[in-house]
Amino acid sequence: MAKGSGMIRPDMATMLGFVTTDAAVAAGPLQAILHDAVEASFHRITVDGDTSTNDAVTLSATGCIGRGHAGGRRATGRRSPRPSPTAVCTELAQAIVRDAEGATRFVEIDVEGGRDAAECRAVAFTVAHSPLVKTALFGGDPNWGRILAAVGRAPIDGLDVAGVDIALGELELVAGGQPVPGYDEGRAAAIVARPEVRIRIGLGRGDAATRIWTSDLSYDYVRINADYRT
């Protein structure tokens, strides 16, 4: 289980997550498993780009599986497939974004063609934290110019905008830094109007890639946080 709906961005911010398993795993390997799971999940979500000092995710292993004593669970010989810790954490992380303050869109941002994963993440989070991109998503506006502007100001060195491609789902909007001639804006608007939107960005400078998840920025987000009192 996990809680959190605002001030969500790496590293985790004001969220709490608790994952348990009845497997028998020592503390050292369990910590390594948790680290990898969090890097692939909770460190890839953002709601508003804000953060705080209060966060935690834990993974606990009870070792109960196969025990024969009271309080334990007997192995039956028939085991259903177990989801991996990364899969569980990813589901929880995405649920936090879906339940974000005032959110009407769940947004997946894929960045590929980077020199390394770090610059792909820098581009992805710059786009995800852009108020202009987030409000365009709320309004159902396929505004590729706002996305391209965010890519262009991401903190990476030597980016050639002429190598940037942008797509909504499978619909290409920008190729080589320019709008695709004759692209269907009505189709693009229909894609952005969906409750789940996928933005694909190609940097054209390497083989690295990353994926993050975010939400739009709505009237209700402003209302919730304007009315909030500590």
# chains A, B, ... in the order shown; residues from 1 in each chain; ligands from 1
call {"tool": "closest_atom_pairs", "arguments": {"of": "segment 55-157 of chain A", "to": "segment 25-41 of chain A", "cutoff": "7 Å", "atoms": "only C-alpha atoms", "output": "CSV"}}
result
residue,atom,partner,partner_atom,distance
A:Leu59,CA,A:Leu34,CA,6.3
A:Ala61,CA,A:Val25,CA,6.2
A:Gly63,CA,A:Val25,CA,6.9
A:Pro85,CA,A:Ala37,CA,6.1
A:Thr86,CA,A:Ala37,CA,4.2
A:Cys89,CA,A:Ser41,CA,5.8
A:Thr90,CA,A:Ser41,CA,4.6
A:Ala93,CA,A:Ser41,CA,5.9
call {"tool": "select_by_dssp", "arguments": {"residues": "segment 5-186 of chain A", "states": "helix (DSSP H, G or I)", "output": "ChimeraX atom specification"}}
result
/A:27-39,42-44,85-98,117-128,131-138,144-152,161-163,185-186
call {"tool": "select_by_dssp", "arguments": {"residues": "segment 65-158 of chain A", "states": "strand (DSSP E)", "output": "PyMOL selection string"}}
result
chain A and resi 106-114
call {"tool": "write_last_selection", "arguments": {"atoms": "all heavy atoms", "output": "PDB file, in the first residue's frame"}}
result
ATOM      1  N   PHE A 106      -3.597  10.865 -16.791  1.00  0.00           N
ATOM      2  CA  PHE A 106      -2.412  10.087 -16.420  1.00  0.00           C
ATOM      3  C   PHE A 106      -1.496  10.135 -17.632  1.00  0.00           C
ATOM      4  O   PHE A 106      -1.878   9.734 -18.734  1.00  0.00           O
ATOM      5  CB  PHE A 106      -2.795   8.646 -16.083  1.00  0.00           C
ATOM      6  CG  PHE A 106      -1.616   7.748 -15.813  1.00  0.00           C
ATOM      7  CD1 PHE A 106      -1.044   7.695 -14.557  1.00  0.00           C
ATOM      8  CD2 PHE A 106      -1.086   6.949 -16.816  1.00  0.00           C
ATOM      9  CE1 PHE A 106       0.040   6.858 -14.298  1.00  0.00           C
ATOM     10  CE2 PHE A 106      -0.009   6.107 -16.578  1.00  0.00           C
ATOM     11  CZ  PHE A 106       0.553   6.072 -15.312  1.00  0.00           C
ATOM     12  N   VAL A 107      -0.276  10.631 -17.453  1.00  0.00           N
ATOM     13  CA  VAL A 107       0.605  10.916 -18.581  1.00  0.00           C
ATOM     14  C   VAL A 107       1.889  10.101 -18.470  1.00  0.00           C
ATOM     15  O   VAL A 107       2.586  10.159 -17.450  1.00  0.00           O
ATOM     16  CB  VAL A 107       0.949  12.415 -18.647  1.00  0.00           C
ATOM     17  CG1 VAL A 107       1.777  12.722 -19.897  1.00  0.00           C
ATOM     18  CG2 VAL A 107      -0.326  13.260 -18.632  1.00  0.00           C
ATOM     19  N   GLU A 108       2.186   9.349 -19.514  1.00  0.00           N
ATOM     20  CA  GLU A 108       3.442   8.620 -19.610  1.00  0.00           C
ATOM     21  C   GLU A 108       4.352   9.372 -20.567  1.00  0.00           C
ATOM     22  O   GLU A 108       3.948   9.720 -21.675  1.00  0.00           O
ATOM     23  CB  GLU A 108       3.183   7.209 -20.127  1.00  0.00           C
ATOM     24  CG  GLU A 108       4.431   6.347 -20.253  1.00  0.00           C
ATOM     25  CD  GLU A 108       4.110   4.931 -20.687  1.00  0.00           C
ATOM     26  OE1 GLU A 108       3.743   4.137 -19.788  1.00  0.00           O
ATOM     27  OE2 GLU A 108       4.182   4.643 -21.891  1.00  0.00           O
ATOM     28  N   ILE A 109       5.585   9.632 -20.136  1.00  0.00           N
ATOM     29  CA  ILE A 109       6.549  10.331 -20.973  1.00  0.00           C
ATOM     30  C   ILE A 109       7.723   9.405 -21.236  1.00  0.00           C
ATOM     31  O   ILE A 109       8.426   9.000 -20.308  1.00  0.00           O
ATOM     32  CB  ILE A 109       7.032  11.637 -20.311  1.00  0.00           C
ATOM     33  CG1 ILE A 109       5.850  12.572 -20.045  1.00  0.00           C
ATOM     34  CG2 ILE A 109       8.075  12.325 -21.197  1.00  0.00           C
ATOM     35  CD1 ILE A 109       6.227  13.875 -19.346  1.00  0.00           C
ATOM     36  N   ASP A 110       7.912   9.064 -22.500  1.00  0.00           N
ATOM     37  CA  ASP A 110       9.024   8.228 -22.932  1.00  0.00           C
ATOM     38  C   ASP A 110      10.039   9.096 -23.660  1.00  0.00           C
ATOM     39  O   ASP A 110       9.684   9.812 -24.606  1.00  0.00           O
ATOM     40  CB  ASP A 110       8.544   7.128 -23.885  1.00  0.00           C
ATOM     41  CG  ASP A 110       7.752   6.054 -23.183  1.00  0.00           C
ATOM     42  OD1 ASP A 110       8.000   5.830 -21.992  1.00  0.00           O
ATOM     43  OD2 ASP A 110       6.877   5.449 -23.817  1.00  0.00           O
ATOM     44  N   VAL A 111      11.277   9.040 -23.205  1.00  0.00           N
ATOM     45  CA  VAL A 111      12.355   9.763 -23.872  1.00  0.00           C
ATOM     46  C   VAL A 111      13.394   8.746 -24.318  1.00  0.00           C
ATOM     47  O   VAL A 111      13.872   7.940 -23.514  1.00  0.00           O
ATOM     48  CB  VAL A 111      13.002  10.817 -22.944  1.00  0.00           C
ATOM     49  CG1 VAL A 111      14.146  11.537 -23.675  1.00  0.00           C
ATOM     50  CG2 VAL A 111      11.959  11.821 -22.474  1.00  0.00           C
ATOM     51  N   GLU A 112      13.756   8.779 -25.589  1.00  0.00           N
ATOM     52  CA  GLU A 112      14.757   7.862 -26.115  1.00  0.00           C
ATOM     53  C   GLU A 112      15.759   8.639 -26.961  1.00  0.00           C
ATOM     54  O   GLU A 112      15.570   9.831 -27.242  1.00  0.00           O
ATOM     55  CB  GLU A 112      14.089   6.774 -26.965  1.00  0.00           C
ATOM     56  CG  GLU A 112      13.312   7.317 -28.136  1.00  0.00           C
ATOM     57  CD  GLU A 112      12.545   6.247 -28.889  1.00  0.00           C
ATOM     58  OE1 GLU A 112      12.244   5.188 -28.298  1.00  0.00           O
ATOM     59  OE2 GLU A 112      12.250   6.479 -30.078  1.00  0.00           O
ATOM     60  N   GLY A 113      16.819   7.961 -27.347  1.00  0.00           N
ATOM     61  CA  GLY A 113      17.826   8.606 -28.183  1.00  0.00           C
ATOM     62  C   GLY A 113      18.747   9.536 -27.429  1.00  0.00           C
ATOM     63  O   GLY A 113      19.378  10.415 -28.025  1.00  0.00           O
ATOM     64  N   GLY A 114      18.863   9.357 -26.122  1.00  0.00           N
ATOM     65  CA  GLY A 114      19.775  10.178 -25.334  1.00  0.00           C
ATOM     66  C   GLY A 114      21.157   9.562 -25.253  1.00  0.00           C
ATOM     67  O   GLY A 114      21.348   8.373 -25.537  1.00  0.00           O
TER      68      GLY A 114
END
call {"tool": "residues_around", "arguments": {"residues": "Leu217 of chain A", "least_positions_apart": "4", "cutoff": "9 Å", "atoms": "only C-alpha atoms", "output": "count of residues only"}}
result
16
call {"tool": "residues_around", "arguments": {"residues": "Asp99 of chain A", "least_positions_apart": "4", "cutoff": "9 Å", "atoms": "only C-alpha atoms", "output": "PyMOL selection string"}}
result
chain A and resi 4-5+94-95+103
call {"tool": "write_last_selection", "arguments": {"atoms": "N, CA, C and O atoms", "output": "mmCIF file, in the first residue's frame"}}
result
data_model
loop_
_atom_site.group_PDB
_atom_site.id
_atom_site.type_symbol
_atom_site.label_atom_id
_atom_site.label_comp_id
_atom_site.auth_asym_id
_atom_site.auth_seq_id
_atom_site.Cartn_x
_atom_site.Cartn_y
_atom_site.Cartn_z
ATOM 1 N N GLY A 4 -0.246 9.219 -0.926
ATOM 2 C CA GLY A 4 0.370 10.427 -1.464
ATOM 3 C C GLY A 4 -0.423 10.904 -2.659
ATOM 4 O O GLY A 4 -0.891 10.102 -3.455
ATOM 5 N N SER A 5 -0.609 12.225 -2.785
ATOM 6 C CA SER A 5 -1.367 12.745 -3.931
ATOM 7 C C SER A 5 -0.857 14.094 -4.408
ATOM 8 O O SER A 5 -1.230 14.550 -5.483
ATOM 9 N N GLN A 94 2.203 4.329 -9.926
ATOM 10 C CA GLN A 94 1.264 4.824 -10.925
ATOM 11 C C GLN A 94 -0.080 5.165 -10.304
ATOM 12 O O GLN A 94 -0.744 6.131 -10.720
ATOM 13 N N ALA A 95 -0.491 4.404 -9.292
ATOM 14 C CA ALA A 95 -1.751 4.691 -8.610
ATOM 15 C C ALA A 95 -1.694 6.048 -7.907
ATOM 16 O O ALA A 95 -2.697 6.771 -7.855
ATOM 17 N N ALA A 103 -6.031 15.765 -10.602
ATOM 18 C CA ALA A 103 -5.601 15.201 -11.886
ATOM 19 C C ALA A 103 -6.777 14.706 -12.717
ATOM 20 O O ALA A 103 -7.710 14.092 -12.195
#
call {"tool": "closest_residue", "arguments": {"among": "A:Arg200, A:Arg153, A:His43, A:His129", "to": "Leu173 of chain A", "atoms": "only C-alpha atoms"}}
result
A:Arg200
call {"tool": "residues_around", "arguments": {"residues": "Phe125 of chain A", "least_positions_apart": "6", "cutoff": "9 Å", "atoms": "only C-alpha atoms", "output": "PyMOL selection string"}}
result
chain A and resi 44-46+49+109+154+212+214
call {"tool": "closest_residue", "arguments": {"among": "A:Gly186, A:Gly140, A:Gly145, A:Pro195", "to": "Val174 of chain A", "atoms": "only C-alpha atoms"}}
result
A:Gly145
call {"tool": "atom_distance", "arguments": {"atom1": "atom CA of Ala23 of chain A", "atom2": "atom CA of Ile65 of chain A"}}
result
5.7 Å
call {"tool": "atom_distance", "arguments": {"atom1": "atom CA of Leu171 of chain A", "atom2": "atom CA of Val197 of chain A"}}
result
11.6 Å
call {"tool": "closest_residue", "arguments": {"among": "A:Ser52, A:Gln178, A:Thr20, A:Asn143", "to": "Ile199 of chain A", "atoms": "only C-alpha atoms"}}
result
A:Asn143
call {"tool": "atom_distance", "arguments": {"atom1": "atom CA of Ala122 of chain A", "atom2": "atom CA of Val151 of chain A"}}
result
9.0 Å
call {"tool": "residues_around", "arguments": {"residues": "segment 115-121 of chain A", "least_positions_apart": "3", "cutoff": "6 Å", "atoms": "only C-alpha atoms", "output": "list in words"}}
result
Val111, Ala124, Arg205, Gly206, Ala208, Ala209 and Thr210 of chain A
call {"tool": "write_last_selection", "arguments": {"atoms": "C-alpha atoms", "output": "compact mmCIF listing (two decimals), in the first residue's frame"}}
result
# COMPACT_ATOMS: atom_id res chain seq x y z
CA VAL A 111 12.36 9.76 -23.87
CA ALA A 124 11.45 13.84 -19.21
CA ARG A 205 21.91 11.63 -30.07
CA GLY A 206 22.37 8.18 -28.56
CA ALA A 208 19.68 5.62 -23.92
CA ALA A 209 16.02 5.78 -22.93
CA THR A 210 13.81 6.32 -19.89
call {"tool": "residues_around", "arguments": {"residues": "Gly177 of chain A", "least_positions_apart": "6", "cutoff": "12 Å", "atoms": "only C-alpha atoms", "output": "PDB file with all heavy atoms, in the first residue's frame"}}
result
ATOM      1  N   TRP A 144       2.343  20.998 -29.317  1.00  0.00           N
ATOM      2  CA  TRP A 144       3.692  20.460 -29.462  1.00  0.00           C
ATOM      3  C   TRP A 144       4.748  21.521 -29.207  1.00  0.00           C
ATOM      4  O   TRP A 144       5.864  21.208 -28.786  1.00  0.00           O
ATOM      5  CB  TRP A 144       3.881  19.849 -30.850  1.00  0.00           C
ATOM      6  CG  TRP A 144       3.668  20.796 -31.994  1.00  0.00           C
ATOM      7  CD1 TRP A 144       2.517  20.982 -32.702  1.00  0.00           C
ATOM      8  CD2 TRP A 144       4.631  21.703 -32.541  1.00  0.00           C
ATOM      9  NE1 TRP A 144       2.700  21.947 -33.665  1.00  0.00           N
ATOM     10  CE2 TRP A 144       3.996  22.404 -33.593  1.00  0.00           C
ATOM     11  CE3 TRP A 144       5.967  21.999 -32.254  1.00  0.00           C
ATOM     12  CZ2 TRP A 144       4.640  23.384 -34.357  1.00  0.00           C
ATOM     13  CZ3 TRP A 144       6.613  22.967 -33.012  1.00  0.00           C
ATOM     14  CH2 TRP A 144       5.955  23.646 -34.045  1.00  0.00           C
ATOM     15  N   GLY A 145       4.416  22.802 -29.428  1.00  0.00           N
ATOM     16  CA  GLY A 145       5.384  23.875 -29.201  1.00  0.00           C
ATOM     17  C   GLY A 145       5.802  23.965 -27.746  1.00  0.00           C
ATOM     18  O   GLY A 145       6.973  24.215 -27.441  1.00  0.00           O
ATOM     19  N   ILE A 147       5.806  21.450 -25.597  1.00  0.00           N
ATOM     20  CA  ILE A 147       6.642  20.289 -25.319  1.00  0.00           C
ATOM     21  C   ILE A 147       8.047  20.514 -25.855  1.00  0.00           C
ATOM     22  O   ILE A 147       9.046  20.272 -25.157  1.00  0.00           O
ATOM     23  CB  ILE A 147       6.028  19.020 -25.936  1.00  0.00           C
ATOM     24  CG1 ILE A 147       4.643  18.754 -25.336  1.00  0.00           C
ATOM     25  CG2 ILE A 147       6.949  17.816 -25.712  1.00  0.00           C
ATOM     26  CD1 ILE A 147       3.882  17.621 -26.028  1.00  0.00           C
ATOM     27  N   LEU A 148       8.146  20.998 -27.089  1.00  0.00           N
ATOM     28  CA  LEU A 148       9.449  21.229 -27.702  1.00  0.00           C
ATOM     29  C   LEU A 148      10.229  22.297 -26.941  1.00  0.00           C
ATOM     30  O   LEU A 148      11.452  22.178 -26.765  1.00  0.00           O
ATOM     31  CB  LEU A 148       9.279  21.643 -29.165  1.00  0.00           C
ATOM     32  CG  LEU A 148      10.557  21.807 -29.988  1.00  0.00           C
ATOM     33  CD1 LEU A 148      11.347  20.505 -30.036  1.00  0.00           C
ATOM     34  CD2 LEU A 148      10.224  22.286 -31.404  1.00  0.00           C
ATOM     35  N   ALA A 149       9.547  23.321 -26.462  1.00  0.00           N
ATOM     36  CA  ALA A 149      10.219  24.370 -25.691  1.00  0.00           C
ATOM     37  C   ALA A 149      10.789  23.803 -24.395  1.00  0.00           C
ATOM     38  O   ALA A 149      11.904  24.156 -23.983  1.00  0.00           O
ATOM     39  CB  ALA A 149       9.250  25.504 -25.387  1.00  0.00           C
ATOM     40  N   VAL A 151      11.680  20.650 -23.889  1.00  0.00           N
ATOM     41  CA  VAL A 151      12.829  19.823 -24.265  1.00  0.00           C
ATOM     42  C   VAL A 151      14.046  20.706 -24.487  1.00  0.00           C
ATOM     43  O   VAL A 151      15.159  20.408 -24.027  1.00  0.00           O
ATOM     44  CB  VAL A 151      12.525  19.008 -25.544  1.00  0.00           C
ATOM     45  CG1 VAL A 151      13.785  18.287 -26.029  1.00  0.00           C
ATOM     46  CG2 VAL A 151      11.404  18.006 -25.292  1.00  0.00           C
ATOM     47  N   GLY A 152      13.847  21.826 -25.177  1.00  0.00           N
ATOM     48  CA  GLY A 152      14.961  22.717 -25.511  1.00  0.00           C
ATOM     49  C   GLY A 152      15.622  23.362 -24.316  1.00  0.00           C
ATOM     50  O   GLY A 152      16.811  23.719 -24.387  1.00  0.00           O
ATOM     51  N   LEU A 159      22.355  20.050 -26.952  1.00  0.00           N
ATOM     52  CA  LEU A 159      21.210  19.462 -27.626  1.00  0.00           C
ATOM     53  C   LEU A 159      20.926  20.205 -28.932  1.00  0.00           C
ATOM     54  O   LEU A 159      20.800  21.429 -28.950  1.00  0.00           O
ATOM     55  CB  LEU A 159      19.963  19.519 -26.734  1.00  0.00           C
ATOM     56  CG  LEU A 159      18.669  19.005 -27.383  1.00  0.00           C
ATOM     57  CD1 LEU A 159      18.771  17.516 -27.684  1.00  0.00           C
ATOM     58  CD2 LEU A 159      17.464  19.295 -26.486  1.00  0.00           C
ATOM     59  N   ASP A 160      20.821  19.477 -30.015  1.00  0.00           N
ATOM     60  CA  ASP A 160      20.458  20.034 -31.310  1.00  0.00           C
ATOM     61  C   ASP A 160      18.967  19.807 -31.520  1.00  0.00           C
ATOM     62  O   ASP A 160      18.524  18.670 -31.715  1.00  0.00           O
ATOM     63  CB  ASP A 160      21.259  19.355 -32.418  1.00  0.00           C
ATOM     64  CG  ASP A 160      20.997  19.973 -33.788  1.00  0.00           C
ATOM     65  OD1 ASP A 160      20.171  20.909 -33.877  1.00  0.00           O
ATOM     66  OD2 ASP A 160      21.600  19.506 -34.768  1.00  0.00           O
ATOM     67  N   VAL A 161      18.192  20.879 -31.452  1.00  0.00           N
ATOM     68  CA  VAL A 161      16.741  20.759 -31.577  1.00  0.00           C
ATOM     69  C   VAL A 161      16.361  20.170 -32.931  1.00  0.00           C
ATOM     70  O   VAL A 161      15.303  19.557 -33.080  1.00  0.00           O
ATOM     71  CB  VAL A 161      16.073  22.134 -31.365  1.00  0.00           C
ATOM     72  CG1 VAL A 161      14.570  22.059 -31.594  1.00  0.00           C
ATOM     73  CG2 VAL A 161      16.358  22.648 -29.956  1.00  0.00           C
ATOM     74  N   ALA A 162      17.231  20.310 -33.912  1.00  0.00           N
ATOM     75  CA  ALA A 162      16.958  19.759 -35.237  1.00  0.00           C
ATOM     76  C   ALA A 162      16.934  18.236 -35.228  1.00  0.00           C
ATOM     77  O   ALA A 162      16.525  17.615 -36.217  1.00  0.00           O
ATOM     78  CB  ALA A 162      17.997  20.250 -36.240  1.00  0.00           C
ATOM     79  N   GLY A 163      17.354  17.635 -34.131  1.00  0.00           N
ATOM     80  CA  GLY A 163      17.317  16.182 -34.027  1.00  0.00           C
ATOM     81  C   GLY A 163      16.174  15.664 -33.182  1.00  0.00           C
ATOM     82  O   GLY A 163      16.062  14.452 -32.961  1.00  0.00           O
ATOM     83  N   VAL A 164      15.290  16.546 -32.720  1.00  0.00           N
ATOM     84  CA  VAL A 164      14.232  16.160 -31.784  1.00  0.00           C
ATOM     85  C   VAL A 164      12.959  15.744 -32.528  1.00  0.00           C
ATOM     86  O   VAL A 164      12.503  16.440 -33.443  1.00  0.00           O
ATOM     87  CB  VAL A 164      13.914  17.327 -30.821  1.00  0.00           C
ATOM     88  CG1 VAL A 164      12.708  16.986 -29.937  1.00  0.00           C
ATOM     89  CG2 VAL A 164      15.124  17.650 -29.956  1.00  0.00           C
ATOM     90  N   ASP A 165      12.413  14.618 -32.119  1.00  0.00           N
ATOM     91  CA  ASP A 165      11.116  14.141 -32.608  1.00  0.00           C
ATOM     92  C   ASP A 165      10.141  14.089 -31.440  1.00  0.00           C
ATOM     93  O   ASP A 165      10.532  13.772 -30.312  1.00  0.00           O
ATOM     94  CB  ASP A 165      11.232  12.738 -33.210  1.00  0.00           C
ATOM     95  CG  ASP A 165      12.208  12.680 -34.372  1.00  0.00           C
ATOM     96  OD1 ASP A 165      12.370  13.705 -35.066  1.00  0.00           O
ATOM     97  OD2 ASP A 165      12.811  11.600 -34.576  1.00  0.00           O
ATOM     98  N   ILE A 166       8.861  14.386 -31.704  1.00  0.00           N
ATOM     99  CA  ILE A 166       7.823  14.340 -30.675  1.00  0.00           C
ATOM    100  C   ILE A 166       6.596  13.650 -31.250  1.00  0.00           C
ATOM    101  O   ILE A 166       6.190  13.921 -32.390  1.00  0.00           O
ATOM    102  CB  ILE A 166       7.442  15.750 -30.181  1.00  0.00           C
ATOM    103  CG1 ILE A 166       8.648  16.441 -29.535  1.00  0.00           C
ATOM    104  CG2 ILE A 166       6.276  15.690 -29.192  1.00  0.00           C
ATOM    105  CD1 ILE A 166       8.390  17.898 -29.175  1.00  0.00           C
ATOM    106  N   ALA A 167       5.996  12.762 -30.465  1.00  0.00           N
ATOM    107  CA  ALA A 167       4.778  12.073 -30.890  1.00  0.00           C
ATOM    108  C   ALA A 167       3.822  11.959 -29.714  1.00  0.00           C
ATOM    109  O   ALA A 167       4.233  11.913 -28.555  1.00  0.00           O
ATOM    110  CB  ALA A 167       5.102  10.688 -31.442  1.00  0.00           C
ATOM    111  N   ILE A 201       9.323  11.244 -26.973  1.00  0.00           N
ATOM    112  CA  ILE A 201      10.312  12.244 -27.366  1.00  0.00           C
ATOM    113  C   ILE A 201      11.594  11.532 -27.786  1.00  0.00           C
ATOM    114  O   ILE A 201      12.132  10.713 -27.035  1.00  0.00           O
ATOM    115  CB  ILE A 201      10.615  13.214 -26.202  1.00  0.00           C
ATOM    116  CG1 ILE A 201       9.334  13.944 -25.783  1.00  0.00           C
ATOM    117  CG2 ILE A 201      11.712  14.204 -26.595  1.00  0.00           C
ATOM    118  CD1 ILE A 201       9.454  14.677 -24.469  1.00  0.00           C
ATOM    119  N   GLY A 202      12.061  11.841 -28.967  1.00  0.00           N
ATOM    120  CA  GLY A 202      13.333  11.316 -29.440  1.00  0.00           C
ATOM    121  C   GLY A 202      14.357  12.423 -29.518  1.00  0.00           C
ATOM    122  O   GLY A 202      14.071  13.506 -30.028  1.00  0.00           O
ATOM    123  N   LEU A 203      15.557  12.171 -28.981  1.00  0.00           N
ATOM    124  CA  LEU A 203      16.604  13.202 -28.937  1.00  0.00           C
ATOM    125  C   LEU A 203      17.609  13.051 -30.079  1.00  0.00           C
ATOM    126  O   LEU A 203      18.338  14.000 -30.386  1.00  0.00           O
ATOM    127  CB  LEU A 203      17.334  13.157 -27.594  1.00  0.00           C
ATOM    128  CG  LEU A 203      16.448  13.365 -26.357  1.00  0.00           C
ATOM    129  CD1 LEU A 203      17.298  13.303 -25.098  1.00  0.00           C
ATOM    130  CD2 LEU A 203      15.696  14.687 -26.430  1.00  0.00           C
ATOM    131  N   GLY A 204      17.679  11.877 -30.666  1.00  0.00           N
ATOM    132  CA  GLY A 204      18.536  11.665 -31.818  1.00  0.00           C
ATOM    133  C   GLY A 204      20.014  11.847 -31.563  1.00  0.00           C
ATOM    134  O   GLY A 204      20.751  12.322 -32.432  1.00  0.00           O
TER     135      GLY A 204
END
